[in-house]
Amino acid sequence: MQRAAQRVFTISNHLVGGEESCVNNTAATKSAGSKPKIDIEAMLTENRKDYDKIIESWLPRTFNAENMQKICGKARYQHDIEGATVAVAKPIWDILDRGGKRWRPLLLMLVAEALRGDLDLIKPLLVLCEVVHNGTLVVDDIEDSSLLRRGKPCLHITYGVDVAINAGNAMYFLPTVILHQLRNTLPPQLLLSAYELYTQELINLHFGQGSDIAWHNSLCAFPNSQQYLQMCAYKTGTLARLSAKLSALFSGASNEQIEAIGKFAESIGVAFQIQDDLLNLRGGSVAVGKGGVGEDITEGKKTLMVIHRVEQGGEGAKRLREIIDKKTSDPALIGEAIDLMEKGGSMEWAEKEGKRIVEEAWAGVERVLEESEGKRKLEAFARFLVERKI
């Protein structure tokens, strides 16, 4: 494993310009005689450019003969370089350049730091986590007939549905080029485990999305809260779990550590989704960037707050279901639905539930990780995502 790490270090340095670290620590500078305050938001901002450089080193903005052959193999006839650039690279980088928190890459690197893993070995893996995530957003926007993503028209609006579907799907597979190109430098069992983990999580992802689609189109029975949480574990938790487990796997962690860290990361993903749904109802940058306050109501989404209020029963529950089933864009009805959930205590309950889920999972991680600055950052990271207002 050590020899493999040394060889991958050389490859990583060559590809990404030899960055010494992928976790900028100026956000956690230690003052004399005291532990530093860990500013995760600053850490996300500081590391974003580094992460994007690494993504670009594996996924070019413009295709040429050399990188086309590296990704697709030698052409039997002739590669269409221009077509690949305008129909694949351009829309992919359009969505990547719009922003996003890049919290999955940071999670990957913080897990590696907490496990004292080789950061240079692990940092190219952030491409696997971040690119596929953005691919799911492209496809999700098509499925939901959304208009805006990160404050701009969705890719299917700008480039057409055909280009957007193809680009979104390509983003599921392109990141695996990393594993393919490292096949001669990694132990075969490690490479196999990485492929198995990646494919299993993508399977889970599609089942989570399938449940969400079935619910907001009323194709099956109204879900309960436990089914909702499992949907989140598959839909949002799966890429967080992928990030953490890949990092732990490549850090040489024990099976107990890998499972505990995976469960913790999944819980972060679930809590992140709950908080995302809350912010959609409460307004702010999340709601504005995704189409306005209450867009989830317009889409008929059965969020945890909706489910909790419906499970309480009564006239309020009946009325809420009526509004959700209408998939209305009427501001008055959206406001009424939000008010029903607020007065029923569903918003407050959901917020507490997200925190409880993460705290329980953290207890499992705390037992398998040694005390370290990396461990402190990991805990701060979880709290930031659960309590965020953006």
# chains A, B, ... in the order shown; residues from 1 in each chain; ligands from 1
>>> residues_around(residues="Leu304 of chain A", least_positions_apart="6", cutoff="10 Å", atoms="only C-alpha atoms", output="list of chain:residue names")
A:Pro223, A:Asn224, A:Ser225, A:Gln226, A:Gln227, A:Tyr228, A:Leu229, A:Cys232, A:Gln273, A:Ile274, A:Asp277, A:Leu278, A:Val310, A:Ser346, A:Met347, A:Trp349, A:Ala350, A:Glu351, A:Glu353
>>> select_by_dssp(residues="segment 159-374 of chain A", states="alpha helix (DSSP H)", output="short mmCIF file (atom, residue, chain, number, x, y, z; two decimals) with N, CA and C atoms, in the first residue's frame")
data_model
loop_
_atom_site.label_atom_id
_atom_site.label_comp_id
_atom_site.auth_asym_id
_atom_site.auth_seq_id
_atom_site.Cartn_x
_atom_site.Cartn_y
_atom_site.Cartn_z
N VAL A 161 -32.88 19.59 -23.87
CA VAL A 161 -33.02 18.40 -23.03
C VAL A 161 -32.04 17.31 -23.45
N ASP A 162 -31.84 17.16 -24.76
CA ASP A 162 -30.97 16.07 -25.23
C ASP A 162 -29.53 16.26 -24.76
N VAL A 163 -29.01 17.47 -24.91
CA VAL A 163 -27.64 17.74 -24.47
C VAL A 163 -27.52 17.60 -22.96
N ALA A 164 -28.51 18.11 -22.23
CA ALA A 164 -28.47 18.07 -20.76
C ALA A 164 -28.52 16.64 -20.23
N ILE A 165 -29.37 15.80 -20.79
CA ILE A 165 -29.44 14.40 -20.36
C ILE A 165 -28.11 13.70 -20.61
N ASN A 166 -27.57 13.91 -21.80
CA ASN A 166 -26.32 13.24 -22.15
C ASN A 166 -25.17 13.72 -21.26
N ALA A 167 -25.09 15.03 -21.03
CA ALA A 167 -24.02 15.57 -20.20
C ALA A 167 -24.17 15.11 -18.75
N GLY A 168 -25.40 15.13 -18.25
CA GLY A 168 -25.64 14.69 -16.88
C GLY A 168 -25.27 13.23 -16.68
N ASN A 169 -25.66 12.39 -17.63
CA ASN A 169 -25.31 10.97 -17.54
C ASN A 169 -23.80 10.75 -17.67
N ALA A 170 -23.15 11.53 -18.54
CA ALA A 170 -21.71 11.42 -18.70
C ALA A 170 -20.98 11.71 -17.39
N MET A 171 -21.57 12.59 -16.59
CA MET A 171 -20.95 12.97 -15.32
C MET A 171 -20.99 11.83 -14.29
N TYR A 172 -21.82 10.82 -14.52
CA TYR A 172 -21.82 9.63 -13.67
C TYR A 172 -20.62 8.74 -13.96
N PHE A 173 -20.18 8.76 -15.22
CA PHE A 173 -19.16 7.79 -15.64
C PHE A 173 -17.77 8.38 -15.83
N VAL A 177 -12.66 7.49 -14.79
CA VAL A 177 -11.40 7.52 -15.53
C VAL A 177 -10.22 7.55 -14.55
N ILE A 178 -10.43 8.19 -13.41
CA ILE A 178 -9.38 8.26 -12.38
C ILE A 178 -8.95 6.86 -11.97
N LEU A 179 -9.93 6.03 -11.62
CA LEU A 179 -9.60 4.67 -11.19
C LEU A 179 -8.98 3.87 -12.33
N HIS A 180 -9.50 4.09 -13.53
CA HIS A 180 -8.98 3.36 -14.69
C HIS A 180 -7.50 3.70 -14.93
N GLN A 181 -7.18 4.99 -14.83
CA GLN A 181 -5.81 5.41 -15.12
C GLN A 181 -4.83 5.07 -13.99
N PRO A 188 -4.65 -4.34 -6.62
CA PRO A 188 -5.89 -4.76 -7.29
C PRO A 188 -7.11 -4.80 -6.36
N GLN A 189 -6.93 -5.28 -5.11
CA GLN A 189 -8.07 -5.38 -4.21
C GLN A 189 -8.60 -4.01 -3.82
N LEU A 190 -7.69 -3.05 -3.65
CA LEU A 190 -8.12 -1.68 -3.34
C LEU A 190 -8.91 -1.10 -4.50
N LEU A 191 -8.42 -1.30 -5.71
CA LEU A 191 -9.11 -0.79 -6.90
C LEU A 191 -10.48 -1.44 -7.05
N LEU A 192 -10.56 -2.75 -6.84
CA LEU A 192 -11.84 -3.46 -6.94
C LEU A 192 -12.82 -2.94 -5.89
N SER A 193 -12.35 -2.75 -4.67
CA SER A 193 -13.22 -2.24 -3.59
C SER A 193 -13.75 -0.86 -3.93
N ALA A 194 -12.90 -0.02 -4.54
CA ALA A 194 -13.33 1.32 -4.92
C ALA A 194 -14.41 1.27 -6.00
N TYR A 195 -14.22 0.42 -7.01
CA TYR A 195 -15.23 0.26 -8.07
C TYR A 195 -16.55 -0.26 -7.48
N GLU A 196 -16.47 -1.25 -6.61
CA GLU A 196 -17.67 -1.83 -6.00
C GLU A 196 -18.42 -0.79 -5.17
N LEU A 197 -17.67 0.00 -4.41
CA LEU A 197 -18.29 1.04 -3.60
C LEU A 197 -18.97 2.07 -4.47
N TYR A 198 -18.30 2.51 -5.52
CA TYR A 198 -18.84 3.54 -6.40
C TYR A 198 -20.12 3.06 -7.09
N THR A 199 -20.09 1.86 -7.65
CA THR A 199 -21.27 1.36 -8.37
C THR A 199 -22.43 1.10 -7.42
N GLN A 200 -22.16 0.60 -6.22
CA GLN A 200 -23.25 0.36 -5.27
C GLN A 200 -23.92 1.66 -4.86
N GLU A 201 -23.11 2.68 -4.63
CA GLU A 201 -23.70 3.97 -4.22
C GLU A 201 -24.52 4.59 -5.35
N LEU A 202 -24.09 4.41 -6.59
CA LEU A 202 -24.89 4.94 -7.69
C LEU A 202 -26.20 4.18 -7.87
N ILE A 203 -26.17 2.89 -7.58
CA ILE A 203 -27.43 2.12 -7.57
C ILE A 203 -28.37 2.67 -6.51
N ASN A 204 -27.84 2.85 -5.30
CA ASN A 204 -28.65 3.39 -4.20
C ASN A 204 -29.22 4.76 -4.55
N LEU A 205 -28.38 5.58 -5.17
CA LEU A 205 -28.78 6.93 -5.56
C LEU A 205 -30.04 6.91 -6.43
N HIS A 206 -30.08 6.00 -7.39
CA HIS A 206 -31.22 5.95 -8.31
C HIS A 206 -32.48 5.42 -7.63
N PHE A 207 -32.32 4.55 -6.66
CA PHE A 207 -33.50 4.10 -5.91
C PHE A 207 -34.04 5.22 -5.03
N GLY A 208 -33.15 6.02 -4.45
CA GLY A 208 -33.60 7.16 -3.67
C GLY A 208 -34.34 8.16 -4.52
N GLN A 209 -33.79 8.46 -5.69
CA GLN A 209 -34.45 9.38 -6.61
C GLN A 209 -35.78 8.80 -7.10
N GLY A 210 -35.81 7.50 -7.32
CA GLY A 210 -37.06 6.85 -7.75
C GLY A 210 -38.17 7.02 -6.74
N SER A 211 -37.85 6.86 -5.46
CA SER A 211 -38.86 7.05 -4.40
C SER A 211 -39.36 8.48 -4.40
N ASP A 212 -38.44 9.43 -4.50
CA ASP A 212 -38.82 10.85 -4.48
C ASP A 212 -39.76 11.16 -5.65
N ILE A 213 -39.45 10.64 -6.82
CA ILE A 213 -40.29 10.87 -8.00
C ILE A 213 -41.67 10.23 -7.82
N ALA A 214 -41.67 9.01 -7.31
CA ALA A 214 -42.94 8.31 -7.11
C ALA A 214 -43.84 9.07 -6.15
N TRP A 215 -43.27 9.62 -5.12
CA TRP A 215 -44.06 10.34 -4.11
C TRP A 215 -44.65 11.64 -4.64
N HIS A 216 -43.81 12.47 -5.28
CA HIS A 216 -44.38 13.76 -5.70
C HIS A 216 -45.25 13.64 -6.94
N SER A 225 -42.42 8.82 7.77
CA SER A 225 -41.16 9.51 8.05
C SER A 225 -39.94 8.60 7.90
N GLN A 226 -40.09 7.31 8.25
CA GLN A 226 -38.96 6.38 8.13
C GLN A 226 -38.62 6.12 6.66
N GLN A 227 -39.64 6.04 5.82
CA GLN A 227 -39.39 5.88 4.38
C GLN A 227 -38.72 7.12 3.81
N TYR A 228 -39.12 8.27 4.30
CA TYR A 228 -38.50 9.52 3.84
C TYR A 228 -37.02 9.54 4.20
N LEU A 229 -36.70 9.18 5.42
CA LEU A 229 -35.30 9.19 5.87
C LEU A 229 -34.46 8.21 5.05
N GLN A 230 -35.05 7.06 4.70
CA GLN A 230 -34.32 6.10 3.87
C GLN A 230 -34.12 6.64 2.47
N MET A 231 -35.11 7.34 1.96
CA MET A 231 -34.96 7.98 0.65
C MET A 231 -33.80 8.97 0.69
N CYS A 232 -33.72 9.76 1.74
CA CYS A 232 -32.62 10.73 1.88
C CYS A 232 -31.28 10.02 2.00
N ALA A 233 -31.27 8.90 2.73
CA ALA A 233 -30.02 8.14 2.89
C ALA A 233 -29.51 7.67 1.54
N TYR A 234 -30.43 7.33 0.64
CA TYR A 234 -30.04 6.90 -0.70
C TYR A 234 -29.78 8.07 -1.63
N LYS A 235 -30.62 9.09 -1.58
CA LYS A 235 -30.52 10.17 -2.55
C LYS A 235 -29.43 11.18 -2.21
N GLY A 237 -27.65 11.10 1.05
CA GLY A 237 -26.64 10.50 1.91
C GLY A 237 -25.63 9.66 1.16
N THR A 238 -26.02 9.16 -0.01
CA THR A 238 -25.16 8.20 -0.69
C THR A 238 -23.84 8.82 -1.17
N LEU A 239 -23.86 10.06 -1.66
CA LEU A 239 -22.63 10.68 -2.15
C LEU A 239 -21.75 11.17 -1.01
N ALA A 240 -22.36 11.53 0.10
CA ALA A 240 -21.57 11.84 1.30
C ALA A 240 -20.91 10.57 1.81
N ARG A 241 -21.68 9.49 1.82
CA ARG A 241 -21.14 8.20 2.26
C ARG A 241 -20.03 7.72 1.33
N LEU A 242 -20.23 7.92 0.03
CA LEU A 242 -19.20 7.57 -0.95
C LEU A 242 -17.91 8.33 -0.67
N SER A 243 -18.03 9.63 -0.45
CA SER A 243 -16.85 10.47 -0.19
C SER A 243 -16.09 9.97 1.02
N ALA A 244 -16.81 9.73 2.10
CA ALA A 244 -16.17 9.34 3.36
C ALA A 244 -15.58 7.94 3.29
N LYS A 245 -16.32 7.00 2.70
CA LYS A 245 -15.85 5.61 2.67
C LYS A 245 -14.68 5.43 1.70
N LEU A 246 -14.70 6.15 0.58
CA LEU A 246 -13.55 6.12 -0.32
C LEU A 246 -12.30 6.63 0.39
N SER A 247 -12.46 7.74 1.10
CA SER A 247 -11.35 8.32 1.83
C SER A 247 -10.82 7.36 2.89
N ALA A 248 -11.75 6.76 3.64
CA ALA A 248 -11.34 5.81 4.68
C ALA A 248 -10.66 4.58 4.07
N LEU A 249 -11.21 4.10 2.97
CA LEU A 249 -10.65 2.93 2.29
C LEU A 249 -9.21 3.20 1.85
N PHE A 250 -8.99 4.36 1.23
CA PHE A 250 -7.66 4.69 0.73
C PHE A 250 -6.71 5.15 1.84
N ASN A 255 -12.27 -2.07 8.87
CA ASN A 255 -13.68 -2.20 8.46
C ASN A 255 -14.61 -1.49 9.43
N GLU A 256 -14.29 -1.57 10.73
CA GLU A 256 -15.11 -0.89 11.73
C GLU A 256 -15.10 0.61 11.52
N GLN A 257 -13.92 1.15 11.24
CA GLN A 257 -13.82 2.59 10.99
C GLN A 257 -14.55 2.98 9.71
N ILE A 258 -14.40 2.20 8.66
CA ILE A 258 -15.04 2.51 7.38
C ILE A 258 -16.56 2.55 7.54
N GLU A 259 -17.12 1.58 8.24
CA GLU A 259 -18.57 1.52 8.41
C GLU A 259 -19.07 2.66 9.29
N ALA A 260 -18.36 2.95 10.38
CA ALA A 260 -18.77 4.03 11.28
C ALA A 260 -18.70 5.39 10.58
N ILE A 261 -17.63 5.61 9.84
CA ILE A 261 -17.47 6.87 9.12
C ILE A 261 -18.49 6.98 7.99
N GLY A 262 -18.78 5.85 7.34
CA GLY A 262 -19.80 5.85 6.29
C GLY A 262 -21.17 6.20 6.83
N LYS A 263 -21.52 5.63 7.97
CA LYS A 263 -22.82 5.92 8.59
C LYS A 263 -22.91 7.38 9.01
N PHE A 264 -21.82 7.88 9.55
CA PHE A 264 -21.77 9.30 9.95
C PHE A 264 -21.96 10.21 8.74
N ALA A 265 -21.26 9.92 7.66
CA ALA A 265 -21.38 10.75 6.46
C ALA A 265 -22.78 10.67 5.86
N GLU A 266 -23.35 9.48 5.86
CA GLU A 266 -24.73 9.32 5.39
C GLU A 266 -25.66 10.19 6.22
N SER A 267 -25.45 10.21 7.53
CA SER A 267 -26.28 11.02 8.42
C SER A 267 -26.13 12.50 8.12
N ILE A 268 -24.91 12.92 7.79
CA ILE A 268 -24.70 14.31 7.38
C ILE A 268 -25.52 14.62 6.13
N GLY A 269 -25.51 13.68 5.17
CA GLY A 269 -26.27 13.87 3.95
C GLY A 269 -27.77 13.97 4.20
N VAL A 270 -28.27 13.12 5.09
CA VAL A 270 -29.69 13.16 5.44
C VAL A 270 -30.04 14.49 6.10
N ALA A 271 -29.21 14.89 7.06
CA ALA A 271 -29.46 16.16 7.76
C ALA A 271 -29.33 17.34 6.82
N PHE A 272 -28.39 17.25 5.87
CA PHE A 272 -28.23 18.30 4.87
C PHE A 272 -29.50 18.46 4.04
N GLN A 273 -30.11 17.33 3.65
CA GLN A 273 -31.33 17.38 2.86
C GLN A 273 -32.49 17.97 3.67
N ILE A 274 -32.58 17.59 4.94
CA ILE A 274 -33.62 18.16 5.80
C ILE A 274 -33.45 19.67 5.89
N GLN A 275 -32.21 20.11 6.11
CA GLN A 275 -31.94 21.54 6.21
C GLN A 275 -32.20 22.24 4.89
N ASP A 276 -31.87 21.59 3.78
CA ASP A 276 -32.14 22.15 2.46
C ASP A 276 -33.64 22.37 2.26
N ASP A 277 -34.42 21.39 2.68
CA ASP A 277 -35.88 21.49 2.56
C ASP A 277 -36.43 22.60 3.45
N LEU A 278 -35.86 22.75 4.63
CA LEU A 278 -36.28 23.83 5.53
C LEU A 278 -35.96 25.19 4.93
N LEU A 279 -34.74 25.33 4.38
CA LEU A 279 -34.35 26.60 3.79
C LEU A 279 -35.20 26.95 2.58
N ASN A 280 -35.69 25.94 1.87
CA ASN A 280 -36.57 26.17 0.73
C ASN A 280 -37.88 26.83 1.18
N LEU A 281 -38.28 26.52 2.40
CA LEU A 281 -39.53 27.09 2.93
C LEU A 281 -39.30 28.41 3.66
N ARG A 282 -38.10 28.59 4.16
CA ARG A 282 -37.81 29.79 4.96
C ARG A 282 -37.19 30.91 4.15
N SER A 285 -30.81 32.41 0.26
CA SER A 285 -30.12 32.15 -1.00
C SER A 285 -30.44 30.79 -1.58
N VAL A 286 -30.68 29.79 -0.73
CA VAL A 286 -31.01 28.45 -1.23
C VAL A 286 -32.30 28.48 -2.03
N ALA A 287 -33.32 29.12 -1.48
CA ALA A 287 -34.62 29.18 -2.16
C ALA A 287 -34.54 30.01 -3.43
N VAL A 288 -33.84 31.16 -3.36
CA VAL A 288 -33.73 32.03 -4.53
C VAL A 288 -33.01 31.33 -5.67
N GLY A 289 -31.92 30.63 -5.34
CA GLY A 289 -31.12 29.97 -6.36
C GLY A 289 -31.81 28.80 -7.01
N GLU A 295 -40.63 26.26 -3.59
CA GLU A 295 -40.60 25.51 -4.85
C GLU A 295 -40.93 24.04 -4.61
N ASP A 296 -40.53 23.51 -3.46
CA ASP A 296 -40.83 22.11 -3.15
C ASP A 296 -42.34 21.86 -3.09
N ILE A 297 -43.08 22.87 -2.64
CA ILE A 297 -44.54 22.76 -2.59
C ILE A 297 -45.10 22.75 -4.01
N THR A 298 -44.56 23.61 -4.87
CA THR A 298 -44.98 23.65 -6.27
C THR A 298 -44.73 22.32 -6.96
N LEU A 304 -39.91 16.00 4.87
CA LEU A 304 -40.11 15.51 6.23
C LEU A 304 -41.11 16.37 6.99
N MET A 305 -41.11 17.67 6.73
CA MET A 305 -42.06 18.56 7.41
C MET A 305 -43.49 18.28 6.97
N VAL A 306 -43.67 18.04 5.68
CA VAL A 306 -45.00 17.70 5.17
C VAL A 306 -45.49 16.40 5.79
N ILE A 307 -44.62 15.40 5.78
CA ILE A 307 -45.00 14.08 6.33
C ILE A 307 -45.33 14.18 7.80
N HIS A 308 -44.52 14.89 8.56
CA HIS A 308 -44.76 15.04 10.01
C HIS A 308 -46.11 15.70 10.27
N ARG A 309 -46.41 16.76 9.50
CA ARG A 309 -47.69 17.46 9.71
C ARG A 309 -48.86 16.58 9.31
N VAL A 310 -48.74 15.83 8.24
CA VAL A 310 -49.82 14.94 7.80
C VAL A 310 -50.04 13.82 8.82
N GLU A 311 -48.94 13.31 9.38
CA GLU A 311 -49.07 12.23 10.37
C GLU A 311 -49.76 12.68 11.64
N GLN A 312 -49.83 13.99 11.88
CA GLN A 312 -50.54 14.51 13.06
C GLN A 312 -52.05 14.39 12.90
N GLY A 314 -56.00 15.43 11.45
CA GLY A 314 -56.86 16.60 11.62
C GLY A 314 -57.08 17.36 10.34
N GLU A 315 -57.84 18.46 10.46
CA GLU A 315 -58.17 19.28 9.29
C GLU A 315 -56.94 19.92 8.66
N GLY A 316 -55.99 20.30 9.53
CA GLY A 316 -54.77 20.92 9.02
C GLY A 316 -53.99 19.98 8.12
N ALA A 317 -53.94 18.71 8.53
CA ALA A 317 -53.23 17.71 7.73
C ALA A 317 -53.93 17.49 6.39
N LYS A 318 -55.26 17.43 6.45
CA LYS A 318 -56.04 17.24 5.24
C LYS A 318 -55.84 18.41 4.27
N ARG A 319 -55.86 19.62 4.82
CA ARG A 319 -55.69 20.81 3.98
C ARG A 319 -54.29 20.85 3.37
N LEU A 320 -53.28 20.49 4.14
CA LEU A 320 -51.92 20.50 3.63
C LEU A 320 -51.77 19.52 2.46
N ARG A 321 -52.35 18.34 2.59
CA ARG A 321 -52.28 17.37 1.50
C ARG A 321 -52.95 17.90 0.24
N GLU A 322 -54.06 18.60 0.42
CA GLU A 322 -54.76 19.18 -0.73
C GLU A 322 -53.86 20.17 -1.47
N ILE A 323 -53.17 21.02 -0.71
CA ILE A 323 -52.30 22.03 -1.34
C ILE A 323 -51.10 21.35 -2.02
N ILE A 324 -50.49 20.39 -1.34
CA ILE A 324 -49.34 19.69 -1.92
C ILE A 324 -49.74 18.98 -3.21
N ASP A 325 -50.89 18.34 -3.21
CA ASP A 325 -51.35 17.61 -4.41
C ASP A 325 -51.66 18.53 -5.58
N LYS A 326 -51.96 19.81 -5.29
CA LYS A 326 -52.25 20.77 -6.36
C LYS A 326 -51.00 21.15 -7.14
N PRO A 331 -48.72 32.04 -4.57
CA PRO A 331 -48.01 32.46 -3.35
C PRO A 331 -48.88 32.35 -2.09
N ALA A 332 -50.18 32.62 -2.24
CA ALA A 332 -51.07 32.56 -1.08
C ALA A 332 -51.20 31.12 -0.56
N LEU A 333 -51.33 30.16 -1.48
CA LEU A 333 -51.45 28.76 -1.07
C LEU A 333 -50.13 28.22 -0.53
N ILE A 334 -49.03 28.65 -1.14
CA ILE A 334 -47.71 28.24 -0.64
C ILE A 334 -47.52 28.77 0.78
N GLY A 335 -47.90 30.03 0.98
CA GLY A 335 -47.80 30.62 2.31
C GLY A 335 -48.68 29.90 3.32
N GLU A 336 -49.86 29.48 2.89
CA GLU A 336 -50.77 28.74 3.78
C GLU A 336 -50.16 27.40 4.17
N ALA A 337 -49.56 26.71 3.19
CA ALA A 337 -48.95 25.41 3.48
C ALA A 337 -47.80 25.56 4.47
N ILE A 338 -46.97 26.58 4.26
CA ILE A 338 -45.85 26.81 5.17
C ILE A 338 -46.35 27.13 6.57
N ASP A 339 -47.40 27.90 6.63
CA ASP A 339 -47.99 28.27 7.92
C ASP A 339 -48.54 27.04 8.66
N LEU A 340 -49.16 26.13 7.92
CA LEU A 340 -49.68 24.90 8.53
C LEU A 340 -48.55 24.07 9.14
N MET A 341 -47.43 23.99 8.43
CA MET A 341 -46.29 23.23 8.95
C MET A 341 -45.63 23.93 10.13
N GLU A 342 -45.56 25.25 10.04
CA GLU A 342 -44.95 26.02 11.13
C GLU A 342 -45.76 25.92 12.41
N LYS A 343 -47.07 26.13 12.28
CA LYS A 343 -47.94 26.09 13.47
C LYS A 343 -48.07 24.67 14.04
N SER A 346 -43.91 21.30 12.82
CA SER A 346 -43.18 20.37 11.94
C SER A 346 -41.81 20.91 11.52
N MET A 347 -41.71 22.21 11.36
CA MET A 347 -40.43 22.81 10.97
C MET A 347 -39.42 22.65 12.10
N GLU A 348 -39.84 22.98 13.31
CA GLU A 348 -38.95 22.86 14.47
C GLU A 348 -38.58 21.41 14.72
N TRP A 349 -39.55 20.51 14.58
CA TRP A 349 -39.29 19.08 14.81
C TRP A 349 -38.28 18.54 13.81
N ALA A 350 -38.43 18.92 12.54
CA ALA A 350 -37.53 18.43 11.50
C ALA A 350 -36.10 18.92 11.75
N GLU A 351 -35.97 20.16 12.16
CA GLU A 351 -34.65 20.72 12.46
C GLU A 351 -33.97 19.93 13.58
N LYS A 352 -34.72 19.64 14.63
CA LYS A 352 -34.18 18.87 15.75
C LYS A 352 -33.86 17.44 15.33
N GLU A 353 -34.67 16.87 14.47
CA GLU A 353 -34.45 15.50 14.00
C GLU A 353 -33.14 15.39 13.22
N GLY A 354 -32.86 16.39 12.38
CA GLY A 354 -31.61 16.39 11.63
C GLY A 354 -30.40 16.41 12.56
N LYS A 355 -30.46 17.24 13.57
CA LYS A 355 -29.36 17.33 14.54
C LYS A 355 -29.21 16.02 15.32
N ARG A 356 -30.34 15.42 15.70
CA ARG A 356 -30.31 14.17 16.47
C ARG A 356 -29.65 13.06 15.65
N ILE A 357 -29.98 12.97 14.39
CA ILE A 357 -29.43 11.92 13.52
C ILE A 357 -27.91 12.04 13.43
N VAL A 358 -27.42 13.26 13.26
CA VAL A 358 -25.97 13.47 13.15
C VAL A 358 -25.28 13.19 14.48
N GLU A 359 -25.87 13.65 15.57
CA GLU A 359 -25.26 13.45 16.89
C GLU A 359 -25.13 11.96 17.22
N GLU A 360 -26.14 11.18 16.89
CA GLU A 360 -26.09 9.74 17.15
C GLU A 360 -25.00 9.08 16.31
N ALA A 361 -24.89 9.49 15.05
CA ALA A 361 -23.87 8.90 14.19
C ALA A 361 -22.47 9.33 14.62
N TRP A 362 -22.34 10.57 15.12
CA TRP A 362 -21.04 11.04 15.57
C TRP A 362 -20.54 10.22 16.77
N ALA A 363 -21.46 9.79 17.61
CA ALA A 363 -21.05 8.97 18.75
C ALA A 363 -20.32 7.71 18.29
N GLY A 364 -20.76 7.14 17.16
CA GLY A 364 -20.10 5.96 16.61
C GLY A 364 -18.72 6.27 16.07
N VAL A 365 -18.57 7.44 15.44
CA VAL A 365 -17.28 7.84 14.90
C VAL A 365 -16.30 8.16 16.03
N GLU A 366 -16.81 8.80 17.05
CA GLU A 366 -15.95 9.20 18.17
C GLU A 366 -15.24 8.01 18.79
N ARG A 367 -15.89 6.86 18.77
CA ARG A 367 -15.30 5.66 19.36
C ARG A 367 -14.16 5.08 18.52
N VAL A 368 -14.17 5.33 17.22
CA VAL A 368 -13.19 4.66 16.35
C VAL A 368 -12.10 5.60 15.84
N GLU A 373 -6.63 17.02 15.60
CA GLU A 373 -7.20 18.23 15.01
C GLU A 373 -8.13 17.86 13.86
N GLY A 374 -7.77 16.81 13.12
CA GLY A 374 -8.62 16.35 12.03
C GLY A 374 -9.99 15.91 12.52
#
>>> residues_around(residues="Lys70 of chain A", least_positions_apart="3", cutoff="12 Å", atoms="only C-alpha atoms", output="ChimeraX atom specification")
/A:58-60,63-67,73-75,79,174,177-178,180-181
>>> closest_residue(among="A:Leu137, A:Cys154, A:Ala253, A:Leu96", to="Arg116 of chain A", atoms="only C-alpha atoms")
A:Ala253
>>> atom_distance(atom1="atom CA of Thr158 of chain A", atom2="atom CA of Val139 of chain A")
13.8 Å
>>> atom_distance(atom1="atom CA of Glu56 of chain A", atom2="atom CA of Leu378 of chain A")
26.2 Å
>>> select_by_dssp(residues="segment 77-320 of chain A", states="strand (DSSP E)", output="list of chain:residue names")
A:Leu148, A:Arg149, A:Lys152, A:Pro153
>>> write_last_selection(atoms="C-alpha atoms", output="tab-separated table (two decimals), in the first residue's frame")
chain	number	residue	atom	x	y	z
A	148	LEU	CA	-33.29	27.70	-12.24
A	149	ARG	CA	-30.18	26.09	-10.82
A	152	LYS	CA	-29.24	30.64	-13.69
A	153	PRO	CA	-31.40	28.76	-16.22
>>> atom_distance(atom1="atom CA of Cys72 of chain A", atom2="atom CA of Pro91 of chain A")
18.4 Å
